[in-house]
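Heads up, coords.cif below (mmCIF, C-alpha atoms):
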data_final
loop_
_atom_site.label_atom_id
_atom_site.label_comp_id
_atom_site.auth_asym_id
_atom_site.auth_seq_id
_atom_site.Cartn_x
_atom_site.Cartn_y
_atom_site.Cartn_z
CA MET A 1 92.07 20.03 0.15
CA CYS A 2 90.05 23.12 -0.64
CA PHE A 3 88.66 21.47 -3.73
CA ARG A 4 87.62 18.37 -1.75
CA TYR A 5 85.98 20.58 0.89
CA MET A 6 84.00 22.49 -1.70
CA PHE A 7 82.91 19.29 -3.40
CA ILE A 8 81.60 17.80 -0.13
CA ARG A 9 79.85 21.05 0.80
CA ASN A 10 78.11 21.29 -2.59
CA LEU A 11 77.09 17.65 -2.42
CA PHE A 12 75.58 18.25 1.03
CA LEU A 13 73.70 21.34 -0.19
CA LEU A 14 72.34 19.40 -3.17
CA PHE A 15 71.12 16.61 -0.90
CA LEU A 16 69.48 19.15 1.42
CA LEU A 17 67.70 20.81 -1.53
CA LEU A 18 66.35 17.51 -2.83
CA PHE A 19 65.11 16.54 0.63
CA THR A 20 63.34 19.88 1.03
CA LEU A 21 61.60 19.60 -2.34
CA ALA A 22 60.44 16.06 -1.56
CA SER A 23 58.96 17.08 1.78
CA CYS A 24 57.11 20.01 0.17
CA LYS A 25 55.34 17.82 -2.44
CA VAL A 26 51.65 18.58 -2.73
CA SER A 27 49.73 15.66 -1.20
CA GLU A 28 47.04 13.83 -3.20
CA PRO A 29 43.46 13.88 -1.95
CA SER A 30 42.85 11.02 0.47
CA ASN A 31 40.35 8.30 -0.23
CA ASP A 32 40.00 7.63 3.46
CA PRO A 33 36.43 8.47 4.56
CA ALA A 34 37.91 9.87 7.76
CA PHE A 35 39.28 12.80 5.75
CA ASP A 36 36.04 13.57 3.89
CA SER A 37 34.30 15.55 6.60
CA SER A 38 35.52 19.11 6.31
CA PRO A 39 33.05 21.79 7.49
CA LEU A 40 32.46 22.81 3.86
CA GLN A 41 31.78 19.23 2.81
CA GLU A 42 29.44 18.70 5.76
CA ALA A 43 27.56 21.87 4.87
CA THR A 44 27.26 20.68 1.28
CA LYS A 45 25.92 17.31 2.42
CA ALA A 46 23.40 19.02 4.68
CA SER A 47 22.19 21.26 1.89
CA ASP A 48 21.91 18.23 -0.42
CA LYS A 49 19.69 16.53 2.15
CA GLU A 50 17.53 19.61 2.41
CA ARG A 51 17.18 19.77 -1.35
CA LYS A 52 16.19 16.13 -1.54
CA VAL A 53 12.65 16.64 -0.15
CA THR A 54 10.63 17.98 -3.08
CA SER A 55 7.12 17.42 -1.69
CA THR A 56 5.35 16.11 1.40
CA PHE A 57 2.32 13.90 0.85
CA GLY A 58 -0.11 12.45 3.36
CA ILE A 59 -1.44 8.89 2.91
CA LEU A 60 -4.47 7.99 4.99
CA TYR A 61 -5.91 4.48 5.33
CA PRO A 62 -9.20 3.39 6.95
CA MET A 63 -7.43 1.04 9.37
CA ALA A 64 -4.13 -0.66 10.20
CA ASN A 65 -3.99 -3.93 8.26
CA PRO A 66 -1.32 -6.08 6.55
CA PHE A 67 -2.94 -5.16 3.23
CA TYR A 68 -2.18 -1.49 3.80
CA GLU A 69 1.33 -2.32 4.97
CA MET A 70 1.83 -3.75 1.50
CA ILE A 71 0.42 -0.58 -0.08
CA THR A 72 2.77 1.50 2.09
CA GLU A 73 5.78 -0.40 0.76
CA LEU A 74 4.60 0.20 -2.81
CA VAL A 75 4.01 3.91 -2.16
CA GLU A 76 7.44 4.29 -0.55
CA GLN A 77 9.10 2.60 -3.53
CA ALA A 78 7.34 4.98 -5.92
CA ALA A 79 8.14 8.05 -3.79
CA GLU A 80 11.84 7.38 -3.22
CA PRO A 81 13.14 8.36 -6.70
CA GLN A 82 11.09 11.57 -6.51
CA SER A 83 12.57 12.59 -3.12
CA ILE A 84 9.10 12.74 -1.57
CA LYS A 85 8.45 12.76 2.16
CA LEU A 86 5.46 10.67 3.25
CA ILE A 87 3.24 11.04 6.30
CA ILE A 88 1.27 7.79 6.62
CA LYS A 89 -1.57 7.40 9.09
CA ALA A 90 -4.35 4.91 9.90
CA PRO A 91 -6.66 4.24 12.85
CA ASP A 92 -5.90 0.98 14.67
CA GLU A 93 -9.39 -0.22 13.73
CA ILE A 94 -12.00 1.29 11.45
CA ASN A 95 -12.88 4.54 13.20
CA LEU A 96 -14.44 7.42 11.31
CA GLU A 97 -13.73 10.07 13.94
CA GLN A 98 -10.05 9.13 14.09
CA GLN A 99 -9.70 9.21 10.32
CA ILE A 100 -11.27 12.68 10.19
CA LEU A 101 -8.96 13.89 12.97
CA MET A 102 -5.91 12.53 11.14
CA MET A 103 -7.04 14.30 7.97
CA GLU A 104 -7.44 17.56 9.90
CA THR A 105 -3.90 17.16 11.28
CA MET A 106 -2.48 16.70 7.78
CA ILE A 107 -4.28 19.88 6.70
CA LYS A 108 -2.69 21.78 9.61
CA GLN A 109 0.71 20.39 8.61
CA LYS A 110 0.16 21.97 5.19
CA VAL A 111 1.16 18.88 3.25
CA ASP A 112 1.41 19.20 -0.54
CA GLY A 113 -1.24 16.59 -1.22
CA ILE A 114 -3.35 13.89 0.46
CA ALA A 115 -4.37 10.43 -0.75
CA ILE A 116 -7.16 8.86 1.29
CA SER A 117 -9.10 5.62 1.33
CA PRO A 118 -12.19 7.06 3.03
CA ILE A 119 -14.28 5.16 5.54
CA ASP A 120 -17.46 7.13 4.91
CA PRO A 121 -17.98 9.02 1.63
CA VAL A 122 -20.56 11.34 3.20
CA ALA A 123 -18.72 12.26 6.40
CA LEU A 124 -15.36 12.76 4.66
CA ALA A 125 -16.67 15.08 1.96
CA PRO A 126 -16.56 18.31 4.06
CA VAL A 127 -12.99 17.58 5.24
CA ILE A 128 -11.83 16.86 1.70
CA ASN A 129 -13.46 20.08 0.51
CA LYS A 130 -11.71 21.99 3.31
CA ALA A 131 -8.31 20.67 2.25
CA VAL A 132 -8.90 21.54 -1.40
CA SER A 133 -10.11 25.05 -0.50
CA LEU A 134 -6.82 25.59 1.33
CA GLY A 135 -4.81 24.57 -1.71
CA ILE A 136 -4.13 20.95 -0.72
CA PRO A 137 -5.14 18.57 -3.54
CA VAL A 138 -6.87 15.36 -2.48
CA ILE A 139 -7.23 12.08 -4.33
CA CYS A 140 -9.22 9.03 -3.25
CA PHE A 141 -8.24 5.43 -3.73
CA GLU A 142 -10.05 2.14 -3.16
CA THR A 143 -13.24 4.00 -2.11
CA ASP A 144 -14.53 7.17 -3.72
CA VAL A 145 -16.15 10.36 -2.42
CA PRO A 146 -17.82 11.52 -5.64
CA ALA A 147 -19.76 14.34 -3.96
CA SER A 148 -16.55 16.07 -2.84
CA LYS A 149 -13.95 18.25 -4.56
CA ARG A 150 -11.44 15.44 -4.70
CA LEU A 151 -9.43 15.60 -7.92
CA SER A 152 -9.17 11.92 -8.76
CA TYR A 153 -10.32 8.43 -7.84
CA ILE A 154 -8.09 5.38 -8.15
CA GLY A 155 -10.16 2.21 -8.05
CA THR A 156 -12.90 0.36 -9.81
CA ASP A 157 -16.66 -0.08 -9.86
CA SER A 158 -17.59 -2.15 -6.80
CA TYR A 159 -20.77 -3.40 -8.46
CA ASN A 160 -18.64 -4.94 -11.21
CA GLU A 161 -16.45 -6.56 -8.56
CA GLY A 162 -19.48 -8.20 -7.02
CA TYR A 163 -20.83 -9.26 -10.40
CA LEU A 164 -17.51 -10.93 -11.21
CA MET A 165 -17.56 -12.66 -7.83
CA GLY A 166 -21.00 -14.06 -8.69
CA ALA A 167 -19.61 -15.56 -11.89
CA ILE A 168 -16.70 -17.09 -9.97
CA ILE A 169 -19.04 -18.63 -7.40
CA LYS A 170 -21.16 -20.09 -10.19
CA ARG A 171 -18.08 -21.71 -11.73
CA PHE A 172 -16.88 -23.29 -8.50
CA LEU A 173 -20.30 -24.52 -7.38
CA LYS A 174 -21.52 -25.35 -10.89
CA GLY A 175 -24.56 -23.12 -10.48
CA LYS A 176 -25.98 -24.84 -7.37
CA GLY A 177 -25.24 -24.89 -3.67
CA MET A 178 -25.28 -22.77 -0.51
CA ILE A 179 -23.07 -19.84 0.46
CA MET A 180 -22.53 -17.54 3.44
CA VAL A 181 -21.37 -13.93 3.24
CA GLU A 182 -19.42 -11.84 5.75
CA GLY A 183 -18.79 -8.13 5.17
CA GLY A 184 -17.26 -5.09 6.81
CA LEU A 185 -19.24 -1.87 7.29
CA SER A 186 -22.89 -2.43 6.42
CA LYS A 187 -23.33 1.23 5.38
CA ALA A 188 -20.11 1.47 3.34
CA SER A 189 -20.88 2.10 -0.32
CA GLN A 190 -18.11 -0.26 -1.47
CA GLN A 191 -19.48 -3.16 0.58
CA LYS A 192 -23.08 -2.49 -0.48
CA ARG A 193 -22.17 -2.29 -4.15
CA ARG A 194 -20.07 -5.47 -4.04
CA LEU A 195 -22.89 -7.32 -2.36
CA GLU A 196 -25.50 -5.94 -4.76
CA GLY A 197 -23.52 -6.97 -7.84
CA MET A 198 -22.88 -10.47 -6.50
CA LEU A 199 -26.49 -11.09 -5.46
CA GLN A 200 -27.82 -9.83 -8.78
CA TYR A 201 -25.58 -12.20 -10.72
CA LEU A 202 -26.50 -15.18 -8.54
CA LYS A 203 -30.22 -14.39 -8.82
CA TRP A 204 -30.17 -14.05 -12.59
CA ASN A 205 -27.76 -16.87 -13.47
CA THR A 206 -27.76 -19.57 -10.79
CA GLU A 207 -29.77 -21.61 -8.32
CA ILE A 208 -27.32 -20.84 -5.52
CA GLN A 209 -28.87 -20.11 -2.11
CA VAL A 210 -27.47 -17.38 0.16
CA LEU A 211 -27.84 -18.84 3.64
CA GLU A 212 -26.87 -15.77 5.66
CA ILE A 213 -25.25 -12.34 5.33
CA ARG A 214 -23.53 -10.66 8.28
CA PHE A 215 -21.36 -7.58 8.81
CA ASN A 216 -18.54 -7.07 11.32
CA GLU A 217 -18.82 -3.23 11.32
CA GLY A 218 -15.04 -2.98 11.40
CA GLN A 219 -14.57 -5.11 14.54
CA SER A 220 -12.35 -8.16 14.30
CA ASP A 221 -13.77 -9.89 17.40
CA ARG A 222 -17.28 -9.48 16.11
CA ASP A 223 -16.21 -10.82 12.73
CA LEU A 224 -14.62 -13.92 14.23
CA SER A 225 -17.77 -14.58 16.26
CA ASN A 226 -19.96 -14.10 13.17
CA LEU A 227 -17.95 -16.60 11.16
CA GLU A 228 -17.89 -19.24 13.90
CA GLU A 229 -21.64 -18.91 14.51
CA MET A 230 -22.52 -19.13 10.82
CA ILE A 231 -20.38 -22.23 10.36
CA ASP A 232 -22.05 -23.87 13.38
CA GLN A 233 -25.54 -22.93 12.21
CA HIS A 234 -25.00 -23.91 8.58
CA PRO A 235 -22.64 -26.90 8.66
CA HIS A 236 -23.54 -27.93 5.12
CA PHE A 237 -22.53 -24.65 3.44
CA ASP A 238 -20.50 -24.93 0.25
CA ALA A 239 -18.62 -21.63 0.18
CA LEU A 240 -17.90 -18.47 2.16
CA VAL A 241 -17.55 -15.05 0.53
CA SER A 242 -15.57 -12.42 2.48
CA LEU A 243 -16.28 -8.86 1.37
CA ASP A 244 -13.51 -7.12 3.36
CA PHE A 245 -10.00 -7.61 4.75
CA ILE A 246 -11.11 -8.34 8.30
CA SER A 247 -13.40 -11.21 7.34
CA SER A 248 -10.80 -12.46 4.87
CA SER A 249 -8.09 -12.62 7.55
CA ASN A 250 -10.36 -14.34 10.07
CA SER A 251 -11.62 -16.85 7.53
CA ILE A 252 -8.00 -17.87 6.91
CA LEU A 253 -7.52 -18.46 10.65
CA ILE A 254 -10.70 -20.55 10.90
CA TRP A 255 -9.89 -22.61 7.79
CA LYS A 256 -6.47 -23.36 9.32
CA ALA A 257 -7.84 -24.20 12.77
CA GLN A 258 -10.72 -26.37 11.56
CA GLY A 259 -9.08 -27.79 8.46
CA LEU A 260 -12.10 -26.83 6.36
CA LYS A 261 -12.15 -27.95 2.74
CA ARG A 262 -14.95 -25.63 1.57
CA ASP A 263 -14.41 -22.88 -0.97
CA SER A 264 -13.44 -19.50 0.48
CA LEU A 265 -13.50 -16.50 -1.82
CA THR A 266 -12.49 -12.90 -1.14
CA PHE A 267 -11.48 -9.49 -2.50
CA GLY A 268 -8.03 -7.88 -2.43
CA MET A 269 -4.64 -9.48 -3.01
CA SER A 270 -2.18 -9.21 -0.13
CA PRO A 271 0.81 -11.29 1.08
CA GLU A 272 -1.50 -12.94 3.62
CA VAL A 273 -4.06 -13.88 0.98
CA LYS A 274 -1.33 -15.06 -1.38
CA GLU A 275 0.01 -17.42 1.28
CA ALA A 276 -3.54 -18.64 1.98
CA LEU A 277 -3.97 -19.40 -1.73
CA LEU A 278 -0.79 -21.46 -1.64
CA ASN A 279 -1.90 -23.30 1.50
CA GLY A 280 -5.49 -23.91 0.42
CA GLN A 281 -7.32 -21.63 2.88
CA ILE A 282 -8.43 -19.30 0.06
CA THR A 283 -9.83 -20.64 -3.20
CA SER A 284 -10.06 -17.49 -5.28
CA VAL A 285 -9.47 -13.74 -4.88
CA ILE A 286 -10.50 -10.75 -6.97
CA SER A 287 -7.55 -8.39 -7.33
CA GLU A 288 -7.72 -4.72 -8.30
CA ASN A 289 -4.08 -4.86 -9.44
CA GLU A 290 -2.97 -3.61 -6.03
CA HIS A 291 0.69 -4.00 -7.01
CA LEU A 292 0.26 -0.84 -9.14
CA TRP A 293 -1.46 1.32 -6.53
CA GLY A 294 1.76 2.81 -5.18
CA GLN A 295 2.87 4.30 -8.48
CA TRP A 296 -0.66 5.46 -9.32
CA ILE A 297 -1.03 7.25 -5.97
CA ILE A 298 2.32 9.05 -6.21
CA GLN A 299 1.81 9.90 -9.87
CA GLN A 300 -1.58 11.49 -9.21
CA LEU A 301 -0.36 13.42 -6.17
CA LEU A 302 2.62 14.79 -8.09
CA LEU A 303 0.44 15.94 -10.98
CA ALA A 304 -2.03 17.55 -8.59
CA SER A 305 0.65 19.30 -6.50
CA GLU A 306 2.21 20.70 -9.68
CA GLU A 307 -1.23 21.94 -10.79
CA LYS A 308 -1.17 19.76 -13.90
CA ASN A 309 -4.14 17.97 -15.41
CA VAL A 310 -5.16 15.01 -13.26
CA PRO A 311 -7.30 12.19 -14.68
CA ALA A 312 -10.56 12.18 -12.73
CA PHE A 313 -10.66 8.37 -12.72
CA ILE A 314 -7.99 5.69 -12.95
CA ASP A 315 -9.63 2.31 -13.43
CA THR A 316 -7.40 -0.24 -11.72
CA GLY A 317 -9.11 -3.13 -13.50
CA LEU A 318 -10.13 -6.50 -12.08
CA GLN A 319 -8.68 -9.97 -12.30
CA GLU A 320 -9.32 -13.27 -10.59
CA VAL A 321 -6.31 -14.95 -8.98
CA THR A 322 -6.27 -18.63 -8.02
CA LEU A 323 -3.52 -21.05 -7.10
CA ALA A 324 -3.09 -21.89 -10.79
CA ASP A 325 -2.31 -18.24 -11.54
CA LEU A 326 0.61 -17.98 -9.10
CA PRO A 327 4.16 -18.44 -10.40
CA LEU A 328 5.58 -21.92 -9.96
CA SER A 329 8.39 -20.45 -7.84
CA ASN A 330 5.80 -19.52 -5.20
CA ILE A 331 4.34 -23.01 -4.91
CA ARG A 332 5.91 -25.00 -2.12
#
As structure tokens:
Amino acid sequence: MCFRYMFIRNLFLLFLLLFTLASCKVSEPSNDPAFDSSPLQEATKASDKERKVTSTFGILYPMANPFYEMITELVEQAAEPQSIKLIIKAPDEINLEQQILMMETMIKQKVDGIAISPIDPVALAPVINKAVSLGIPVICFETDVPASKRLSYIGTDSYNEGYLMGAIIKRFLKGKGMIMVEGGLSKASQQKRRLEGMLQYLKWNTEIQVLEIRFNEGQSDRDLSNLEEMIDQHPHFDALVSLDFISSSNSILIWKAQGLKRDSLTFGMSPEVKEALLNGQITSVISENEHLWGQWIIQQLLLASEEKNVPAFIDTGLQEVTLADLPLSNIR
């Protein structure tokens, strides 16, 4: 009896011991996201986020436009792997005073570098010099300010752009015919140089007549009116050349609305222009390899902010793009 009692008691104690050990087993880390938010972990995540921003760069355009929306996407793609914060600004329409004010604001924010497509190379020079004197490197893209202390220019020679456009016009019109020209700012060096190069080529190499040249001065309504009036006054024109993004966009609208079958040529590849090429509203476009601008801008700003040698000029190159040059997958 005593032996049976002791046996049962020992068995019970053994069972109790095993149960206790099982309940005291160290638990494995949970994979449930709900258990991954300890104060220490949250503090670590916060510090990681703080460490992610290595530099803050300002990007300043001359105006809000779908073309610059495309450039913004490219810049953001190039900046993301480098953990760069971007401050991107642009006047709603071409407005020199607003662009200067936005540049001044970026200087006050003490950004690590500024990339600007300047509206006026003369008026922007003092503001660029101010930024550089305060230790903020500045690079220009698309349009240069050579008389300033800017460190680098990303772009091409506008005269060569115009000269190439002259050769393209000659090819499409076979050296004869009548064209109209619509531009942006009449005093902008880029517009003047493009026009000069194109007119020189046409004068020296063709019998093509330039019927009329107008400028929209950065105003879309004025541009639309210019184009409609020129078409009414010169119904037998053979081609239109758009020197800027505003006239390019409005020419696309007019070609759609009126079903025009004349040649329309422009500068600057954008999603809008690409679609117009596919749909026949644009005949030919001169591209400055805009798809590479984002990486060039970020690369130059990084070098400048790290006080490394910055190439004074990055030639983006030029290429003509027509419907035949687009991938077959883009042709509907």
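Nearest to Glu80 in chain A of all the residues A:Leu323, A:Leu260, A:Ile298, A:Met230 is A:Ile298, based on all atoms listed in the file.
Every protein or nucleic acid residue with an atom no more than 8 Å from Ser251 in chain A, counting all atoms listed in the file and leaving out same-chain residues fewer than 2 positions away, appears here: Leu224, Leu227, Ser242, Ser247, Ser248, Ser249, Leu253, Ile254, Trp255, Ser264 and Gln281 of chain A.
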Convert the current residue selection to file output with C-alpha atoms, as a short mmCIF file (atom, residue, chain, number, x, y, z; two decimals), keeping the file's coordinate frame.
data_model
loop_
_atom_site.label_atom_id
_atom_site.label_comp_id
_atom_site.auth_asym_id
_atom_site.auth_seq_id
_atom_site.Cartn_x
_atom_site.Cartn_y
_atom_site.Cartn_z
CA LEU A 224 -14.62 -13.92 14.23
CA LEU A 227 -17.95 -16.60 11.16
CA SER A 242 -15.57 -12.42 2.48
CA SER A 247 -13.40 -11.21 7.34
CA SER A 248 -10.80 -12.46 4.87
CA SER A 249 -8.09 -12.62 7.55
CA LEU A 253 -7.52 -18.46 10.65
CA ILE A 254 -10.70 -20.55 10.90
CA TRP A 255 -9.89 -22.61 7.79
CA SER A 264 -13.44 -19.50 0.48
CA GLN A 281 -7.32 -21.63 2.88
#
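All residues of protein, DNA or RNA that reach within 9 Å of Val321 in chain A, judged by all atoms listed in the file and not counting those fewer than 6 positions away in the chain, are Met269, Leu277, Thr283, Ser284, Val285, Ile286 and Ser287 of chain A.
The smallest atom-to-atom distance between Ser152 in chain A and any of A:Ile114, A:Leu265, A:Met102, A:Met180, using all atoms listed in the file, is found for A:Ile114.
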- Message: Taking all atoms listed in the file into account, name the residue in A:Ile94, A:Val132, A:Leu278, A:Leu173 that is nearest to Thr206 in chain A.
- Response: A:Leu173
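If you measure from each of A:Pro118, A:Gly155, A:Gly175, A:Pro235 to Ala188 in chain A using only C-alpha atoms, the closest one turns out to be A:Pro118.
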- Task: Starting from the shown file, work through the PyMOL selection byres ((chain A and resi 245) around 10) and note down what comes out as an MDAnalysis selection string.
- Result: chainID A and resid 65:68 183:184 218 220 242:244 246:251 266:270 273
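Taking CA of Ile213 in chain A and CA of Gln99 in chain A as endpoints, the distance between them is 27.0 Å.
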- Task: Using all atoms listed in the file, pick whichever of A:Met165, A:Val241, A:Val111, A:Ile179 has the shortest atom-to-atom distance to Met198 in chain A.
- Result: A:Met165
- Message: Using the chain letters and numbers from this file, what does the PyMOL selection byres ((chain A and resi 60) around 7) select? Give the answer as a list in words.
- Response: Gly58, Ile59, Tyr61, Pro62, Ile88, Lys89, Ala90, Ala115, Ile116 and Ser117 of chain A
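Considering only C-alpha atoms, the residue among A:Asp157, A:Asn226, A:Met106, A:Leu199 positioned nearest to Thr316 in chain A is A:Asp157.
The interatomic distance for the pair CA of Leu101 in chain A and CA of Pro146 in chain A works out to 20.7 Å.
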- Could you work out how far CA of Gln109 in chain A lies from CA of Ile139 in chain A, giving the answer in Å with one decimal? 17.3 Å
- Message: Residues near Gly166 in chain A, anyone? I mean within 12 Å using only C-alpha atoms, not counting same-chain ones fewer than 2 positions away, as a ChimeraX atom specification.
- Response: /A:159-164,168-176,179,181,194-210,239,241,265-266,284,286,320
- Message: Using the chain letters and numbers from this file, what does the PyMOL selection byres ((chain A and resi 77) around 12) select? Give the answer as number ranges by chain.
- Response: A: 70-76, 78-86, 291-298
Create the file for the chosen residues now, containing C-alpha atoms and written as a PDB file, in the frame of the given file.
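So out-v9.pdb came out as:
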ATOM      1  CA  MET A  70       1.830  -3.750   1.500  1.00  0.00           C
ATOM      2  CA  ILE A  71       0.420  -0.580  -0.080  1.00  0.00           C
ATOM      3  CA  THR A  72       2.770   1.500   2.090  1.00  0.00           C
ATOM      4  CA  GLU A  73       5.780  -0.400   0.760  1.00  0.00           C
ATOM      5  CA  LEU A  74       4.600   0.200  -2.810  1.00  0.00           C
ATOM      6  CA  VAL A  75       4.010   3.910  -2.160  1.00  0.00           C
ATOM      7  CA  GLU A  76       7.440   4.290  -0.550  1.00  0.00           C
ATOM      8  CA  ALA A  78       7.340   4.980  -5.920  1.00  0.00           C
ATOM      9  CA  ALA A  79       8.140   8.050  -3.790  1.00  0.00           C
ATOM     10  CA  GLU A  80      11.840   7.380  -3.220  1.00  0.00           C
ATOM     11  CA  PRO A  81      13.140   8.360  -6.700  1.00  0.00           C
ATOM     12  CA  GLN A  82      11.090  11.570  -6.510  1.00  0.00           C
ATOM     13  CA  SER A  83      12.570  12.590  -3.120  1.00  0.00           C
ATOM     14  CA  ILE A  84       9.100  12.740  -1.570  1.00  0.00           C
ATOM     15  CA  LYS A  85       8.450  12.760   2.160  1.00  0.00           C
ATOM     16  CA  LEU A  86       5.460  10.670   3.250  1.00  0.00           C
ATOM     17  CA  HIS A 291       0.690  -4.000  -7.010  1.00  0.00           C
ATOM     18  CA  LEU A 292       0.260  -0.840  -9.140  1.00  0.00           C
ATOM     19  CA  TRP A 293      -1.460   1.320  -6.530  1.00  0.00           C
ATOM     20  CA  GLY A 294       1.760   2.810  -5.180  1.00  0.00           C
ATOM     21  CA  GLN A 295       2.870   4.300  -8.480  1.00  0.00           C
ATOM     22  CA  TRP A 296      -0.660   5.460  -9.320  1.00  0.00           C
ATOM     23  CA  ILE A 297      -1.030   7.250  -5.970  1.00  0.00           C
ATOM     24  CA  ILE A 298       2.320   9.050  -6.210  1.00  0.00           C
TER      25      ILE A 298
END
Tell me which protein, DNA and RNA residues are within 12 Å of Leu134 in chain A, counting all atoms listed in the file, leaving out same-chain ones fewer than 2 positions away, and put them as a JSON list (two decimals) with C-alpha atoms, in the frame of the given file.
[["chain", "number", "residue", "atom", "x", "y", "z"],
["A", 104, "GLU", "CA", -7.44, 17.56, 9.90],
["A", 106, "MET", "CA", -2.48, 16.70, 7.78],
["A", 107, "ILE", "CA", -4.28, 19.88, 6.70],
["A", 108, "LYS", "CA", -2.69, 21.78, 9.61],
["A", 109, "GLN", "CA", 0.71, 20.39, 8.61],
["A", 110, "LYS", "CA", 0.16, 21.97, 5.19],
["A", 111, "VAL", "CA", 1.16, 18.88, 3.25],
["A", 112, "ASP", "CA", 1.41, 19.20, -0.54],
["A", 113, "GLY", "CA", -1.24, 16.59, -1.22],
["A", 127, "VAL", "CA", -12.99, 17.58, 5.24],
["A", 128, "ILE", "CA", -11.83, 16.86, 1.70],
["A", 129, "ASN", "CA", -13.46, 20.08, 0.51],
["A", 130, "LYS", "CA", -11.71, 21.99, 3.31],
["A", 131, "ALA", "CA", -8.31, 20.67, 2.25],
["A", 132, "VAL", "CA", -8.90, 21.54, -1.40],
["A", 136, "ILE", "CA", -4.13, 20.95, -0.72],
["A", 137, "PRO", "CA", -5.14, 18.57, -3.54],
["A", 138, "VAL", "CA", -6.87, 15.36, -2.48],
["A", 149, "LYS", "CA", -13.95, 18.25, -4.56]]
Per-axis box centre and lengths in Å around range 319-327 of chain A, 5 Å margin per side, axis-aligned, as lines of an AutoDock Vina configuration file:
center_x = -2.6
center_y = -15.9
center_z = -9.7
size_x = 23.5
size_y = 21.9
size_z = 15.2
